[in-house]
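Chemist: Contents of protein.cif (mmCIF, C-alpha atoms):
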```cif
data_input
loop_
_atom_site.label_atom_id
_atom_site.label_comp_id
_atom_site.auth_asym_id
_atom_site.auth_seq_id
_atom_site.Cartn_x
_atom_site.Cartn_y
_atom_site.Cartn_z
CA MET T 1 135.37 95.85 10.61
CA ALA T 2 132.18 94.52 8.99
CA ASN T 3 130.07 91.41 9.58
CA THR T 4 127.57 89.69 7.30
CA TYR T 5 124.14 88.83 8.74
CA ASP T 6 121.06 87.09 7.41
CA THR T 7 118.73 90.10 7.56
CA GLU T 8 115.63 88.80 5.79
CA ARG T 9 113.95 85.43 5.24
CA THR T 10 110.83 85.26 3.08
CA LEU T 11 108.70 82.37 1.86
CA ALA T 12 109.36 81.92 -1.87
CA GLY T 13 106.12 80.13 -2.77
CA THR T 14 105.45 76.40 -2.43
CA TYR T 15 106.25 73.52 -4.77
CA SER T 16 104.90 69.98 -4.98
CA CYS T 17 106.60 66.72 -5.82
CA GLU T 18 106.02 62.99 -5.44
CA ALA T 19 108.06 60.16 -4.00
CA GLY T 20 107.48 56.45 -4.00
CA GLY T 21 108.19 53.12 -5.59
CA GLU T 22 107.64 49.39 -5.33
CA TYR T 23 109.01 47.50 -2.32
CA THR T 24 109.44 43.84 -1.45
CA LEU T 25 109.20 43.16 2.29
CA PRO T 26 112.14 41.28 3.87
CA ASP T 27 111.68 37.55 4.42
CA TYR T 28 111.89 37.90 8.21
CA THR T 29 108.72 40.06 8.30
CA PRO T 30 105.21 38.54 8.30
CA GLU T 31 103.20 38.65 5.08
CA VAL T 32 100.74 41.51 4.54
CA ARG T 33 97.05 40.69 4.58
CA ARG T 34 95.58 44.13 5.29
CA VAL T 35 97.16 47.60 5.44
CA ILE T 36 96.14 49.49 8.59
CA ARG T 37 98.15 52.71 8.41
CA VAL T 38 101.18 54.28 6.73
CA ASP T 39 103.25 57.06 8.34
CA CYS T 40 105.80 59.00 6.32
CA ASP T 41 108.55 61.53 7.02
CA ALA T 42 110.88 63.44 4.66
CA THR T 43 114.25 65.10 5.22
CA VAL T 44 116.38 67.24 2.87
CA THR T 45 119.86 65.73 2.57
CA GLY T 46 121.27 67.60 -0.43
CA GLN T 47 120.85 70.94 -2.19
CA TYR T 48 122.58 72.37 -5.27
CA ASP T 49 122.06 75.97 -6.39
CA THR T 50 122.56 77.04 -10.02
CA GLN T 51 121.91 80.33 -11.83
CA ASP T 52 118.20 79.71 -12.43
CA LYS T 53 117.14 76.90 -10.10
CA THR T 54 117.77 74.98 -6.90
CA GLU T 55 117.95 71.19 -7.07
CA VAL T 56 116.80 69.52 -3.84
CA GLY T 57 117.12 65.87 -2.85
CA GLY T 58 116.29 63.99 0.30
CA ASP T 59 115.27 60.82 2.09
CA VAL T 60 111.77 59.47 2.72
CA THR T 61 110.94 56.96 5.45
CA TYR T 62 107.69 54.95 5.41
CA CYS T 63 106.37 53.08 8.44
CA LEU T 64 103.82 50.47 7.32
CA ILE T 65 101.50 49.00 9.97
CA TYR T 66 99.47 46.00 8.83
CA LEU T 67 97.71 42.76 9.77
CA ASP T 68 99.52 39.52 8.99
CA GLY T 69 98.05 36.15 8.05
CA ASP T 70 97.19 35.37 11.69
CA GLY T 71 95.39 38.68 12.17
CA ALA T 72 98.16 40.12 14.37
CA LEU T 73 99.53 43.64 14.01
CA SER T 74 102.97 43.97 12.46
CA SER T 75 105.08 46.81 11.10
CA VAL T 76 108.00 47.42 8.76
CA THR T 77 110.08 50.49 7.89
CA LEU T 78 110.90 51.20 4.24
CA ASP T 79 113.33 53.84 2.92
CA GLY T 80 113.12 55.91 -0.25
CA THR T 81 114.28 59.18 -1.83
CA PHE T 82 112.79 62.27 -3.46
CA SER T 83 114.05 65.06 -5.74
CA CYS T 84 112.65 68.37 -6.96
CA GLN T 85 113.73 71.47 -8.88
CA ILE T 86 112.80 74.92 -7.55
CA PRO T 87 113.12 78.05 -9.73
CA GLY T 88 115.39 80.69 -8.24
CA GLY T 89 117.48 83.63 -9.33
CA GLU T 90 121.26 83.78 -9.30
CA GLY T 91 122.69 84.61 -5.90
CA VAL T 92 119.51 83.79 -3.95
CA ARG T 93 120.18 81.39 -1.08
CA MET T 94 117.36 78.95 -0.37
CA GLN T 95 116.50 76.94 2.73
CA VAL T 96 113.99 74.22 1.79
CA VAL T 97 111.57 72.68 4.29
CA PRO T 98 109.66 69.52 3.17
CA ALA T 99 106.25 68.43 4.47
CA VAL T 100 104.38 65.21 3.60
CA ASP T 101 100.78 66.03 2.60
CA GLY T 102 99.61 62.46 2.15
CA VAL T 103 100.83 58.93 1.58
CA THR T 104 99.12 55.91 0.02
CA CYS T 105 99.98 52.21 -0.08
CA ARG T 106 98.79 49.72 -2.68
CA LEU T 107 99.11 46.01 -1.91
CA GLY T 108 100.44 44.01 -4.85
CA GLY T 109 100.98 40.68 -3.10
CA PRO T 110 101.77 39.16 0.31
CA ARG T 111 105.18 40.87 0.27
CA ARG T 112 104.80 43.50 -2.48
CA VAL T 113 103.66 47.07 -1.76
CA THR T 114 103.69 50.27 -3.79
CA MET T 115 104.20 53.52 -1.87
CA LYS T 116 103.31 57.02 -3.04
CA ALA T 117 103.91 60.19 -1.01
CA ASN T 118 102.75 63.68 -1.97
CA MET T 119 105.03 66.40 -0.63
CA THR T 120 105.02 70.18 -0.40
CA LEU T 121 108.38 71.96 -0.42
CA ARG T 122 108.57 75.41 1.22
CA PRO T 123 111.67 77.26 -0.01
CA ILE T 124 112.71 80.19 2.18
CA ALA T 125 114.79 82.84 0.40
CA VAL T 126 117.58 84.22 2.58
CA ARG T 127 118.99 87.71 1.98
CA SER T 128 122.27 88.72 3.62
CA GLU T 129 123.53 92.19 4.46
CA THR T 130 126.99 93.41 5.45
CA LEU T 131 126.92 95.80 8.42
CA THR T 132 129.81 97.81 9.85
CA GLU T 133 130.61 98.10 13.56
CA ALA T 134 129.10 101.59 13.59
CA GLU T 135 125.79 100.28 12.20
CA THR T 136 125.57 97.52 14.83
CA ALA T 137 127.00 99.44 17.81
CA ASP T 138 123.57 100.34 19.22
CA LEU T 139 122.42 96.69 19.19
CA GLY T 140 124.47 95.70 22.24
CA GLU T 141 125.15 92.18 23.46
CA CYS T 142 121.70 90.88 22.49
CA GLU T 143 121.88 91.92 18.84
CA ILE T 144 120.86 88.42 17.76
CA LEU T 145 117.43 88.99 19.29
CA ARG T 146 116.83 92.69 18.76
CA ARG T 147 116.69 93.07 14.99
CA PRO T 148 113.06 93.34 13.80
CA LEU T 149 111.25 90.25 12.50
CA THR T 150 108.82 90.20 9.60
CA VAL T 151 105.34 89.21 10.79
CA GLY T 152 104.82 85.49 10.27
CA GLU T 153 108.51 84.85 9.69
CA THR T 154 110.05 81.63 10.92
CA VAL T 155 113.78 81.21 11.40
CA PHE T 156 114.99 77.61 11.43
CA PHE T 157 118.06 76.39 13.28
CA GLU T 158 119.65 73.07 14.06
CA GLY T 159 120.74 72.30 17.59
CA GLU T 160 123.46 70.01 18.80
CA GLU T 161 122.97 66.27 18.47
CA ASN T 162 121.77 64.83 21.75
CA ASP T 163 121.22 61.24 22.83
CA LEU T 164 118.11 61.29 25.00
CA THR T 165 116.89 58.17 26.75
CA ASP T 166 113.95 57.41 29.00
CA SER T 167 111.70 54.45 29.74
CA VAL T 168 107.96 53.89 30.17
CA LYS T 169 106.01 50.88 31.37
CA ALA T 170 104.26 48.76 28.74
CA GLU T 171 101.93 45.79 29.09
CA PRO T 172 103.44 42.28 29.34
CA ASP T 173 104.30 40.40 26.11
CA SER T 174 103.99 43.59 24.04
CA ARG T 175 105.60 44.35 20.69
CA LEU T 176 106.72 47.81 19.58
CA LEU T 177 105.17 48.78 16.22
CA SER T 178 106.16 52.43 15.69
CA VAL T 179 107.45 55.50 17.53
CA CYS T 180 107.01 59.19 16.70
CA GLY T 181 108.16 62.29 18.55
CA ARG T 182 107.55 66.04 18.64
CA VAL T 183 109.57 68.80 20.31
CA LEU T 184 107.79 71.76 21.93
CA VAL T 185 109.90 74.80 22.89
CA ARG T 186 108.98 76.21 26.32
CA GLU T 187 111.55 78.99 26.68
CA ALA T 188 114.27 80.78 24.66
CA LYS T 189 116.31 83.11 26.89
CA ALA T 190 119.13 85.43 25.77
CA GLU T 191 122.47 85.20 27.52
CA VAL T 192 125.81 86.88 26.81
CA GLY T 193 126.91 85.48 23.46
CA ALA T 194 124.32 82.70 23.39
CA VAL T 195 120.68 81.67 23.75
CA ARG T 196 119.48 79.00 26.18
CA VAL T 197 116.56 76.93 24.90
CA ARG T 198 114.36 74.70 27.06
CA ALA T 199 111.97 72.25 25.44
CA ASP T 200 110.04 69.01 25.92
CA LEU T 201 110.40 65.97 23.67
CA TRP T 202 107.02 64.17 23.56
CA MET T 203 107.23 60.54 22.42
CA THR T 204 104.29 58.33 21.42
CA ALA T 205 104.81 54.59 20.89
CA LEU T 206 102.29 52.29 19.21
CA CYS T 207 102.40 48.78 20.68
CA ALA T 208 100.48 45.53 20.42
CA ASP T 209 99.79 43.38 23.49
CA GLY T 210 99.99 39.59 23.67
CA SER T 211 96.62 39.20 21.92
CA GLY T 212 97.48 41.64 19.12
CA THR T 213 95.34 44.51 20.43
CA PRO T 214 96.98 47.91 19.71
CA TYR T 215 97.53 50.57 22.37
CA THR T 216 99.71 53.67 22.81
CA VAL T 217 102.28 54.66 25.41
CA ARG T 218 103.32 58.30 25.86
CA GLY T 219 106.28 59.91 27.63
CA LYS T 220 108.01 63.28 27.96
CA ILE T 221 111.77 63.98 28.02
CA PRO T 222 113.00 67.47 29.03
CA VAL T 223 115.63 69.06 26.76
CA GLU T 224 117.93 72.01 27.53
CA GLU T 225 120.55 73.40 25.17
CA THR T 226 122.73 76.51 24.90
CA ILE T 227 123.23 77.76 21.34
CA SER T 228 126.16 80.10 20.64
CA GLU T 229 125.59 83.35 18.75
CA GLU T 230 127.84 82.17 15.89
CA ARG T 231 125.16 79.64 14.94
CA LEU T 232 122.25 82.11 14.97
CA THR T 233 121.08 84.89 12.67
CA PRO T 234 120.26 88.40 13.91
CA ALA T 235 116.55 87.59 13.42
CA PHE T 236 116.07 84.60 15.73
CA SER T 237 112.98 82.75 16.90
CA ALA T 238 112.98 79.41 18.68
CA MET T 239 110.88 76.60 17.24
CA ALA T 240 111.09 72.85 16.75
#
```
Write the structure described by the file as structure tokens, please.
Modeler:
Amino acid sequence: MANTYDTERTLAGTYSCEAGGEYTLPDYTPEVRRVIRVDCDATVTGQYDTQDKTEVGGDVTYCLIYLDGDGALSSVTLDGTFSCQIPGGEGVRMQVVPAVDGVTCRLGGPRRVTMKANMTLRPIAVRSETLTEAETADLGECEILRRPLTVGETVFFEGEENDLTDSVKAEPDSRLLSVCGRVLVREAKAEVGAVRVRADLWMTALCADGSGTPYTVRGKIPVEETISEERLTPAFSAMA
């Protein structure tokens, strides 16, 4: 009996692309008088591999924070898309990780804005190898952790979907402007047939009090998840 494993993952260069477009703010949002900040995030939602290239598409979310006509802070979320072509040989599997390098906003009127996001795509080439039972017999129950890793290699995985809720105390008469979160892995421990991962989800909310003055509220939500070996590669490292 033989099994196929992802035995090598290497960074296949970096590629740049742009996303953006013109947007008209909904009527229920205040008019824009001054742009304060724009946050942007990108996610790959589709990938198509051909003989000589990989076509990648995804979603872009902009969070625009601005001053309205009364001088109060307001925010609006705008959605967009991006696409890029990455050269690649036949039979090479790619895992593409997008990162937003910078985003700009140009005000074209009280409700008209033009967004532009510069992105860097990091394609990771994945090579698979078929190993027999005899070749993997000495790896034991923790084979998913014991195969050697290339220095600087990062193995990405997706955990189960979890609904995490918590609450923090904000000032009276406050309005929520934007929320961002980061996950920090604290422990990845091997078990029989699985890996248990413990992490912290750090959330930061930007709010405005009754007078329009901005302030931030921070909170931490603990996360624990058990990931089965079927969903991991032999070369495994926990990250978020």
Chemist: Could you write out as a ChimeraX atom specification the residues that the PyMOL selection byres ((chain T and resi 195-200) around 7) matches in the shown file?
Modeler: /T:183-191,194,201-202,220-228
Chemist: Need the shell around T:Arg106: protein/DNA/RNA residues with any atom at most 10 Å away, counting only C-alpha atoms. Skip same-chain ones fewer than 3 positions apart. Format as a short mmCIF file (atom, residue, chain, number, x, y, z; two decimals) with C-alpha atoms, in the coordinates of the input?
Modeler:
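Resulting contents of selection_39.cif:
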```
data_model
loop_
_atom_site.label_atom_id
_atom_site.label_comp_id
_atom_site.auth_asym_id
_atom_site.auth_seq_id
_atom_site.Cartn_x
_atom_site.Cartn_y
_atom_site.Cartn_z
CA GLU T 22 107.64 49.39 -5.33
CA VAL T 35 97.16 47.60 5.44
CA GLY T 109 100.98 40.68 -3.10
CA ARG T 112 104.80 43.50 -2.48
CA VAL T 113 103.66 47.07 -1.76
CA THR T 114 103.69 50.27 -3.79
CA MET T 115 104.20 53.52 -1.87
CA LYS T 116 103.31 57.02 -3.04
#
```
Chemist: Neighbouring residues of T:Gln47 were defined as those with any atom within 8 Å, considering all atoms listed in the file; residues of the same chain fewer than 5 positions away were excluded. Please report them as a VMD selection string.
Modeler: chain T and resid 54 to 57
Chemist: Do you have the atom CA of T:Gly21-atom CA of T:Thr204 distance handy?
Modeler: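 If I compute the distance from atom CA of T:Gly21 to atom CA of T:Thr204, I get 27.8 Å.
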Chemist: Where does the PyMOL selection byres ((chain T and resi 218) around 7) land in this file, that is, which residues does it pick, as a ChimeraX atom specification?
Modeler: /T:203-205,216-217,219
Chemist: Give me, please, the distance in Å between atom CA of T:Arg182 and atom CA of T:Cys17, quoted to one decimal.
Modeler: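 Pair atom CA of T:Arg182 / atom CA of T:Cys17 returns 24.5 Å.
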Chemist: Within 8 Å of (110.5, 68.7, -7.9) in the file's own coordinates, which protein, DNA or RNA residues have an atom, counting only C-alpha atoms? List them as a ChimeraX atom specification.
Modeler: /T:15-18,55-56,83-86
Chemist: At what distance in Å, to one decimal, does atom CA of T:Ser178 lie from atom CA of T:Gly20?
Modeler: 20.1 Å
Chemist: For the structure shown, which residues end up in the PyMOL selection byres ((chain T and resi 120-122) around 12)? Put them as JSON, numbers by chain, please?
Modeler: {"T": [10, 11, 12, 13, 14, 15, 16, 17, 18, 19, 41, 42, 43, 44, 54, 55, 56, 57, 58, 82, 83, 84, 85, 86, 94, 95, 96, 97, 98, 99, 100, 101, 102, 117, 118, 119, 123, 124, 125, 154]}
Chemist: Keeping only C-alpha atoms, take the residues you just selected and write them out as an mmCIF file, in the frame of the given file.
Modeler:
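Heads up, here's the output in selection_23.cif:
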```cif
data_model
loop_
_atom_site.group_PDB
_atom_site.id
_atom_site.type_symbol
_atom_site.label_atom_id
_atom_site.label_comp_id
_atom_site.auth_asym_id
_atom_site.auth_seq_id
_atom_site.Cartn_x
_atom_site.Cartn_y
_atom_site.Cartn_z
ATOM 1 C CA THR T 10 110.830 85.260 3.080
ATOM 2 C CA LEU T 11 108.700 82.370 1.860
ATOM 3 C CA ALA T 12 109.360 81.920 -1.870
ATOM 4 C CA GLY T 13 106.120 80.130 -2.770
ATOM 5 C CA THR T 14 105.450 76.400 -2.430
ATOM 6 C CA TYR T 15 106.250 73.520 -4.770
ATOM 7 C CA SER T 16 104.900 69.980 -4.980
ATOM 8 C CA CYS T 17 106.600 66.720 -5.820
ATOM 9 C CA GLU T 18 106.020 62.990 -5.440
ATOM 10 C CA ALA T 19 108.060 60.160 -4.000
ATOM 11 C CA ASP T 41 108.550 61.530 7.020
ATOM 12 C CA ALA T 42 110.880 63.440 4.660
ATOM 13 C CA THR T 43 114.250 65.100 5.220
ATOM 14 C CA VAL T 44 116.380 67.240 2.870
ATOM 15 C CA THR T 54 117.770 74.980 -6.900
ATOM 16 C CA GLU T 55 117.950 71.190 -7.070
ATOM 17 C CA VAL T 56 116.800 69.520 -3.840
ATOM 18 C CA GLY T 57 117.120 65.870 -2.850
ATOM 19 C CA GLY T 58 116.290 63.990 0.300
ATOM 20 C CA PHE T 82 112.790 62.270 -3.460
ATOM 21 C CA SER T 83 114.050 65.060 -5.740
ATOM 22 C CA CYS T 84 112.650 68.370 -6.960
ATOM 23 C CA GLN T 85 113.730 71.470 -8.880
ATOM 24 C CA ILE T 86 112.800 74.920 -7.550
ATOM 25 C CA MET T 94 117.360 78.950 -0.370
ATOM 26 C CA GLN T 95 116.500 76.940 2.730
ATOM 27 C CA VAL T 96 113.990 74.220 1.790
ATOM 28 C CA VAL T 97 111.570 72.680 4.290
ATOM 29 C CA PRO T 98 109.660 69.520 3.170
ATOM 30 C CA ALA T 99 106.250 68.430 4.470
ATOM 31 C CA VAL T 100 104.380 65.210 3.600
ATOM 32 C CA ASP T 101 100.780 66.030 2.600
ATOM 33 C CA GLY T 102 99.610 62.460 2.150
ATOM 34 C CA ALA T 117 103.910 60.190 -1.010
ATOM 35 C CA ASN T 118 102.750 63.680 -1.970
ATOM 36 C CA MET T 119 105.030 66.400 -0.630
ATOM 37 C CA PRO T 123 111.670 77.260 -0.010
ATOM 38 C CA ILE T 124 112.710 80.190 2.180
ATOM 39 C CA ALA T 125 114.790 82.840 0.400
ATOM 40 C CA THR T 154 110.050 81.630 10.920
#
```
Chemist: So which residues fall inside 10 Å of (97.1, 33.8, 10.1) if we count all atoms listed in the file? Mind giving them as a list in words?
Modeler: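 The residues that fall inside the cut-off are Pro30, Glu31, Arg33, Leu67, Asp68, Gly69, Asp70, Gly71 and Ala72 of chain T.
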Chemist: Quick one: everything within 8 Å of T:Cys40, counting all atoms listed in the file, minus sequence neighbours fewer than 6 positions away in the same chain. Send it as a list in words.
Modeler: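 So the residues in contact are Val60, Thr61, Tyr62, Cys63, Val100, Val103 and Ala117 of chain T.
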Chemist: Let me make sure I understand: among T:Ser75, T:Ser211, T:Thr45, T:Gln51, which one has the smallest atom-to-atom distance to T:Leu25 if we use all atoms listed in the file?
Modeler: T:Ser75
Chemist: Find the residues around T:Thr213 up to 10 Å (only C-alpha atoms counted), leave out those fewer than 6 positions away in its own chain, and share them as a ChimeraX atom specification.
Modeler: /T:72-73,174,207
Chemist: Filtering to C-alpha atoms, could you give me those residues as a PDB file, in the coordinates of the input?
Modeler:
```pdb
ATOM      1  CA  ALA T  72      98.160  40.120  14.370  1.00  0.00           C
ATOM      2  CA  LEU T  73      99.530  43.640  14.010  1.00  0.00           C
ATOM      3  CA  SER T 174     103.990  43.590  24.040  1.00  0.00           C
ATOM      4  CA  CYS T 207     102.400  48.780  20.680  1.00  0.00           C
TER       5      CYS T 207
END
```
Chemist: With 6 Å on each side, where is the centre of the axis-aligned box around all listed atoms of stretch 168-172 of chain T, and how long are its edges in Å to one decimal, as lines of an AutoDock Vina configuration file?
Modeler:
```
center_x = 104.9
center_y = 48.1
center_z = 30.1
size_x = 18.0
size_y = 23.6
size_z = 14.6
```
Chemist: Which of these, T:Leu78, T:Val126, T:Ala208, T:Val32, has the shortest distance to T:Pro172 once you count only C-alpha atoms?
Modeler: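 The shortest atom-to-atom distance to T:Pro172 comes from T:Ala208.
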Chemist: Between T:Glu171, T:Cys105, T:Asp52, T:Thr165, single out the one closest to T:Asp39, counting all atoms listed in the file.
Modeler: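 Residue with the minimum atom-to-atom distance to T:Asp39: T:Cys105.
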